[in-house]
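Structure first, commentary second.
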Amino acid sequence: MNYVYFLQSLVGEHFCTGITGDSDARLAKHNAGAVTHTSKFRPWRIKSYDALADEGRAIAFERYLKSGSRRALAKARL
């Protein structure tokens with residue numbers, strides 16, 4: 001299973017979108033500071049996620065959410 005996740009920082013209005021096969025392990029990496037982009041805004045929590053069986057569709061969905069015009073949609077879902 002592939003998960004497209006939305007993280008919310010507990011120290012401000014910061015959000016992150018990503019894709020993983022193991023959401024618990026990925027959240028632990030974000031909170032441990034192992035992800036450079038998100039390390040300064042930790043701790044994080046999973047706000048929501050979508051599970052997709054097809055990896056290609058999961059990647060396409062994540063790219064859609066990360067595109068400039070789609071960020072509003074991602075924030076609205078949170």
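Labels for the structure tokens follow display order: chains A, B, ..., residues from 1 in each chain, ligands from 1.
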All helix (DSSP H, G or I) residues (DSSP, backbone) inside chain A, as an MDAnalysis selection string: chainID A and resid 23:32 39:41 55:66 68:77
Selection file, N, CA, C and O atoms, as a CSV table (one decimal), in the first residue's frame:
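Okay, this is what ended up in part.csv:
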```
chain,number,residue,atom,x,y,z
A,23,SER,N,3.8,4.7,6.9
A,23,SER,CA,3.6,6.0,7.4
A,23,SER,C,4.1,6.2,8.8
A,23,SER,O,4.6,7.3,9.1
A,24,ASP,N,4.1,5.2,9.7
A,24,ASP,CA,4.7,5.4,11.0
A,24,ASP,C,6.2,5.6,11.0
A,24,ASP,O,6.7,6.4,11.7
A,25,ALA,N,6.9,4.8,10.1
A,25,ALA,CA,8.3,5.0,10.0
A,25,ALA,C,8.7,6.3,9.4
A,25,ALA,O,9.6,7.0,9.9
A,26,ARG,N,7.9,6.8,8.5
A,26,ARG,CA,8.2,8.1,7.8
A,26,ARG,C,8.0,9.2,8.8
A,26,ARG,O,8.8,10.1,8.9
A,27,LEU,N,6.9,9.1,9.6
A,27,LEU,CA,6.7,10.2,10.6
A,27,LEU,C,7.8,10.2,11.6
A,27,LEU,O,8.3,11.3,12.0
A,28,ALA,N,8.3,9.0,12.0
A,28,ALA,CA,9.4,8.9,13.0
A,28,ALA,C,10.7,9.6,12.4
A,28,ALA,O,11.4,10.3,13.1
A,29,LYS,N,10.9,9.4,11.1
A,29,LYS,CA,12.1,10.1,10.4
A,29,LYS,C,11.9,11.6,10.5
A,29,LYS,O,12.9,12.3,10.7
A,30,HIS,N,10.7,12.1,10.2
A,30,HIS,CA,10.5,13.5,10.2
A,30,HIS,C,10.7,14.1,11.6
A,30,HIS,O,11.3,15.1,11.8
A,31,ASN,N,10.2,13.4,12.6
A,31,ASN,CA,10.3,13.8,14.0
A,31,ASN,C,11.7,13.7,14.6
A,31,ASN,O,12.1,14.4,15.5
A,32,ALA,N,12.5,12.8,14.0
A,32,ALA,CA,13.9,12.6,14.4
A,32,ALA,C,14.9,13.6,13.8
A,32,ALA,O,16.0,13.7,14.2
A,39,SER,N,13.1,19.3,9.4
A,39,SER,CA,13.7,19.2,10.7
A,39,SER,C,13.5,20.4,11.6
A,39,SER,O,13.4,20.3,12.8
A,40,LYS,N,13.5,21.6,11.0
A,40,LYS,CA,13.4,22.8,11.8
A,40,LYS,C,12.0,23.1,12.3
A,40,LYS,O,11.8,24.0,13.1
A,41,PHE,N,11.0,22.4,11.8
A,41,PHE,CA,9.6,22.6,12.2
A,41,PHE,C,9.0,21.5,13.0
A,41,PHE,O,7.8,21.4,13.2
A,55,GLU,N,1.0,2.3,-7.1
A,55,GLU,CA,2.1,3.2,-6.8
A,55,GLU,C,2.1,4.4,-7.8
A,55,GLU,O,2.4,5.5,-7.4
A,56,GLY,N,1.9,4.1,-9.0
A,56,GLY,CA,1.9,5.2,-10.1
A,56,GLY,C,0.8,6.2,-9.8
A,56,GLY,O,1.1,7.4,-9.9
A,57,ARG,N,-0.3,5.8,-9.4
A,57,ARG,CA,-1.4,6.7,-9.0
A,57,ARG,C,-1.1,7.5,-7.8
A,57,ARG,O,-1.4,8.7,-7.7
A,58,ALA,N,-0.4,6.9,-6.8
A,58,ALA,CA,0.0,7.6,-5.6
A,58,ALA,C,1.0,8.7,-5.9
A,58,ALA,O,0.9,9.8,-5.4
A,59,ILE,N,2.0,8.3,-6.8
A,59,ILE,CA,3.0,9.3,-7.1
A,59,ILE,C,2.4,10.5,-7.9
A,59,ILE,O,2.7,11.7,-7.6
A,60,ALA,N,1.4,10.2,-8.8
A,60,ALA,CA,0.8,11.2,-9.6
A,60,ALA,C,-0.1,12.1,-8.6
A,60,ALA,O,-0.1,13.3,-8.8
A,61,PHE,N,-0.7,11.5,-7.6
A,61,PHE,CA,-1.5,12.3,-6.7
A,61,PHE,C,-0.7,13.2,-5.9
A,61,PHE,O,-1.0,14.4,-5.6
A,62,GLU,N,0.5,12.7,-5.4
A,62,GLU,CA,1.4,13.5,-4.6
A,62,GLU,C,1.9,14.7,-5.4
A,62,GLU,O,1.9,15.8,-5.0
A,63,ARG,N,2.3,14.5,-6.7
A,63,ARG,CA,2.8,15.5,-7.5
A,63,ARG,C,1.7,16.6,-7.8
A,63,ARG,O,1.9,17.8,-7.8
A,64,TYR,N,0.5,16.1,-7.9
A,64,TYR,CA,-0.7,17.0,-8.1
A,64,TYR,C,-0.8,17.9,-6.9
A,64,TYR,O,-1.0,19.1,-7.0
A,65,LEU,N,-0.7,17.3,-5.7
A,65,LEU,CA,-0.9,18.1,-4.5
A,65,LEU,C,0.3,19.1,-4.3
A,65,LEU,O,0.1,20.1,-3.6
A,66,LYS,N,1.5,18.8,-4.8
A,66,LYS,CA,2.6,19.6,-4.6
A,66,LYS,C,2.7,20.7,-5.6
A,66,LYS,O,3.5,21.6,-5.5
A,68,GLY,N,2.0,24.1,-7.6
A,68,GLY,CA,1.6,25.4,-7.1
A,68,GLY,C,0.2,25.7,-7.0
A,68,GLY,O,-0.3,26.2,-5.9
A,69,SER,N,-0.6,25.4,-8.0
A,69,SER,CA,-2.0,25.7,-8.0
A,69,SER,C,-2.8,24.7,-7.1
A,69,SER,O,-4.0,25.0,-6.8
A,70,ARG,N,-2.2,23.6,-6.7
A,70,ARG,CA,-3.0,22.6,-6.0
A,70,ARG,C,-2.7,22.7,-4.5
A,70,ARG,O,-3.3,22.0,-3.7
A,71,ARG,N,-1.8,23.5,-4.0
A,71,ARG,CA,-1.5,23.6,-2.6
A,71,ARG,C,-2.7,24.1,-1.8
A,71,ARG,O,-2.9,23.7,-0.7
A,72,ALA,N,-3.6,24.9,-2.4
A,72,ALA,CA,-4.8,25.3,-1.7
A,72,ALA,C,-5.7,24.1,-1.4
A,72,ALA,O,-6.3,24.1,-0.4
A,73,LEU,N,-5.8,23.2,-2.4
A,73,LEU,CA,-6.6,22.0,-2.2
A,73,LEU,C,-6.0,21.2,-1.0
A,73,LEU,O,-6.8,20.7,-0.1
A,74,ALA,N,-4.7,21.0,-1.0
A,74,ALA,CA,-4.1,20.3,0.1
A,74,ALA,C,-4.4,20.9,1.5
A,74,ALA,O,-4.7,20.2,2.4
A,75,LYS,N,-4.3,22.2,1.6
A,75,LYS,CA,-4.5,22.9,2.8
A,75,LYS,C,-6.0,22.9,3.2
A,75,LYS,O,-6.3,22.8,4.3
A,76,ALA,N,-6.9,22.9,2.2
A,76,ALA,CA,-8.3,22.8,2.5
A,76,ALA,C,-8.7,21.5,3.1
A,76,ALA,O,-9.6,21.4,3.9
A,77,ARG,N,-8.0,20.4,2.6
A,77,ARG,CA,-8.2,19.1,3.2
A,77,ARG,C,-7.8,19.0,4.6
A,77,ARG,O,-8.3,18.1,5.3
```
I'd like to know which residues of chain A are strand (DSSP E or B) (by DSSP, run on the backbone); could you write them as an mmCIF file with N, CA, C and O atoms, in the first residue's frame?
```cif
data_model
loop_
_atom_site.group_PDB
_atom_site.id
_atom_site.type_symbol
_atom_site.label_atom_id
_atom_site.label_comp_id
_atom_site.auth_asym_id
_atom_site.auth_seq_id
_atom_site.Cartn_x
_atom_site.Cartn_y
_atom_site.Cartn_z
ATOM 1 N N ASN A 2 0.470 2.269 -0.692
ATOM 2 C CA ASN A 2 1.193 3.540 -0.772
ATOM 3 C C ASN A 2 0.346 4.607 -0.102
ATOM 4 O O ASN A 2 -0.860 4.688 -0.345
ATOM 5 N N TYR A 3 0.979 5.410 0.724
ATOM 6 C CA TYR A 3 0.276 6.448 1.459
ATOM 7 C C TYR A 3 0.762 7.826 1.029
ATOM 8 O O TYR A 3 1.957 8.093 1.054
ATOM 9 N N VAL A 4 -0.163 8.680 0.648
ATOM 10 C CA VAL A 4 0.130 10.087 0.410
ATOM 11 C C VAL A 4 -0.328 10.791 1.677
ATOM 12 O O VAL A 4 -1.502 10.730 2.044
ATOM 13 N N TYR A 5 0.624 11.408 2.379
ATOM 14 C CA TYR A 5 0.317 11.930 3.703
ATOM 15 C C TYR A 5 0.434 13.445 3.774
ATOM 16 O O TYR A 5 1.126 14.074 2.989
ATOM 17 N N PHE A 6 -0.259 14.002 4.752
ATOM 18 C CA PHE A 6 -0.198 15.426 5.075
ATOM 19 C C PHE A 6 0.255 15.527 6.519
ATOM 20 O O PHE A 6 -0.393 15.000 7.417
ATOM 21 N N LEU A 7 1.373 16.194 6.732
ATOM 22 C CA LEU A 7 1.863 16.416 8.087
ATOM 23 C C LEU A 7 1.603 17.853 8.479
ATOM 24 O O LEU A 7 1.640 18.754 7.641
ATOM 25 N N GLN A 8 1.376 18.056 9.755
ATOM 26 C CA GLN A 8 1.215 19.394 10.302
ATOM 27 C C GLN A 8 2.214 19.553 11.434
ATOM 28 O O GLN A 8 2.323 18.682 12.304
ATOM 29 N N SER A 9 2.937 20.659 11.407
ATOM 30 C CA SER A 9 3.878 20.958 12.474
ATOM 31 C C SER A 9 3.110 21.366 13.715
ATOM 32 O O SER A 9 2.102 22.073 13.640
ATOM 33 N N PHE A 15 3.061 22.840 6.915
ATOM 34 C CA PHE A 15 2.510 21.585 6.435
ATOM 35 C C PHE A 15 3.497 20.929 5.492
ATOM 36 O O PHE A 15 4.325 21.600 4.882
ATOM 37 N N CYS A 16 3.393 19.638 5.360
ATOM 38 C CA CYS A 16 4.265 18.874 4.482
ATOM 39 C C CYS A 16 3.436 17.774 3.828
ATOM 40 O O CYS A 16 2.584 17.177 4.476
ATOM 41 N N THR A 17 3.696 17.511 2.567
ATOM 42 C CA THR A 17 3.037 16.436 1.837
ATOM 43 C C THR A 17 4.099 15.485 1.328
ATOM 44 O O THR A 17 5.158 15.915 0.874
ATOM 45 N N GLY A 18 3.826 14.194 1.401
ATOM 46 C CA GLY A 18 4.787 13.217 0.913
ATOM 47 C C GLY A 18 4.130 11.898 0.599
ATOM 48 O O GLY A 18 2.914 11.738 0.726
ATOM 49 N N ILE A 19 4.947 10.937 0.223
ATOM 50 C CA ILE A 19 4.469 9.594 -0.107
ATOM 51 C C ILE A 19 5.386 8.580 0.561
ATOM 52 O O ILE A 19 6.593 8.797 0.665
ATOM 53 N N THR A 20 4.804 7.491 1.044
ATOM 54 C CA THR A 20 5.581 6.464 1.720
ATOM 55 C C THR A 20 4.835 5.136 1.687
ATOM 56 O O THR A 20 3.633 5.103 1.452
ATOM 57 N N TRP A 44 6.131 16.833 14.300
ATOM 58 C CA TRP A 44 5.081 16.730 13.303
ATOM 59 C C TRP A 44 4.045 15.719 13.742
ATOM 60 O O TRP A 44 4.342 14.832 14.535
ATOM 61 N N ARG A 45 2.845 15.854 13.178
ATOM 62 C CA ARG A 45 1.815 14.839 13.368
ATOM 63 C C ARG A 45 1.152 14.595 12.021
ATOM 64 O O ARG A 45 1.124 15.477 11.158
ATOM 65 N N ILE A 46 0.651 13.394 11.834
ATOM 66 C CA ILE A 46 -0.073 13.094 10.609
ATOM 67 C C ILE A 46 -1.466 13.687 10.740
ATOM 68 O O ILE A 46 -2.207 13.362 11.664
ATOM 69 N N LYS A 47 -1.771 14.601 9.858
ATOM 70 C CA LYS A 47 -3.083 15.242 9.856
ATOM 71 C C LYS A 47 -4.080 14.395 9.079
ATOM 72 O O LYS A 47 -5.212 14.209 9.511
ATOM 73 N N SER A 48 -3.657 13.879 7.921
ATOM 74 C CA SER A 48 -4.494 12.967 7.152
ATOM 75 C C SER A 48 -3.628 12.238 6.143
ATOM 76 O O SER A 48 -2.482 12.611 5.902
ATOM 77 N N TYR A 49 -4.177 11.184 5.579
ATOM 78 C CA TYR A 49 -3.468 10.454 4.532
ATOM 79 C C TYR A 49 -4.474 9.736 3.659
ATOM 80 O O TYR A 49 -5.612 9.499 4.058
ATOM 81 N N ASP A 50 -4.044 9.421 2.448
ATOM 82 C CA ASP A 50 -4.830 8.642 1.507
ATOM 83 C C ASP A 50 -4.024 7.397 1.170
ATOM 84 O O ASP A 50 -2.826 7.483 0.890
ATOM 85 N N ALA A 51 -4.666 6.252 1.209
ATOM 86 C CA ALA A 51 -4.022 4.991 0.866
ATOM 87 C C ALA A 51 -4.399 4.623 -0.565
ATOM 88 O O ALA A 51 -5.584 4.592 -0.908
ATOM 89 N N LEU A 52 -3.386 4.362 -1.381
ATOM 90 C CA LEU A 52 -3.606 3.978 -2.780
ATOM 91 C C LEU A 52 -2.828 2.698 -3.052
ATOM 92 O O LEU A 52 -1.645 2.606 -2.744
#
```
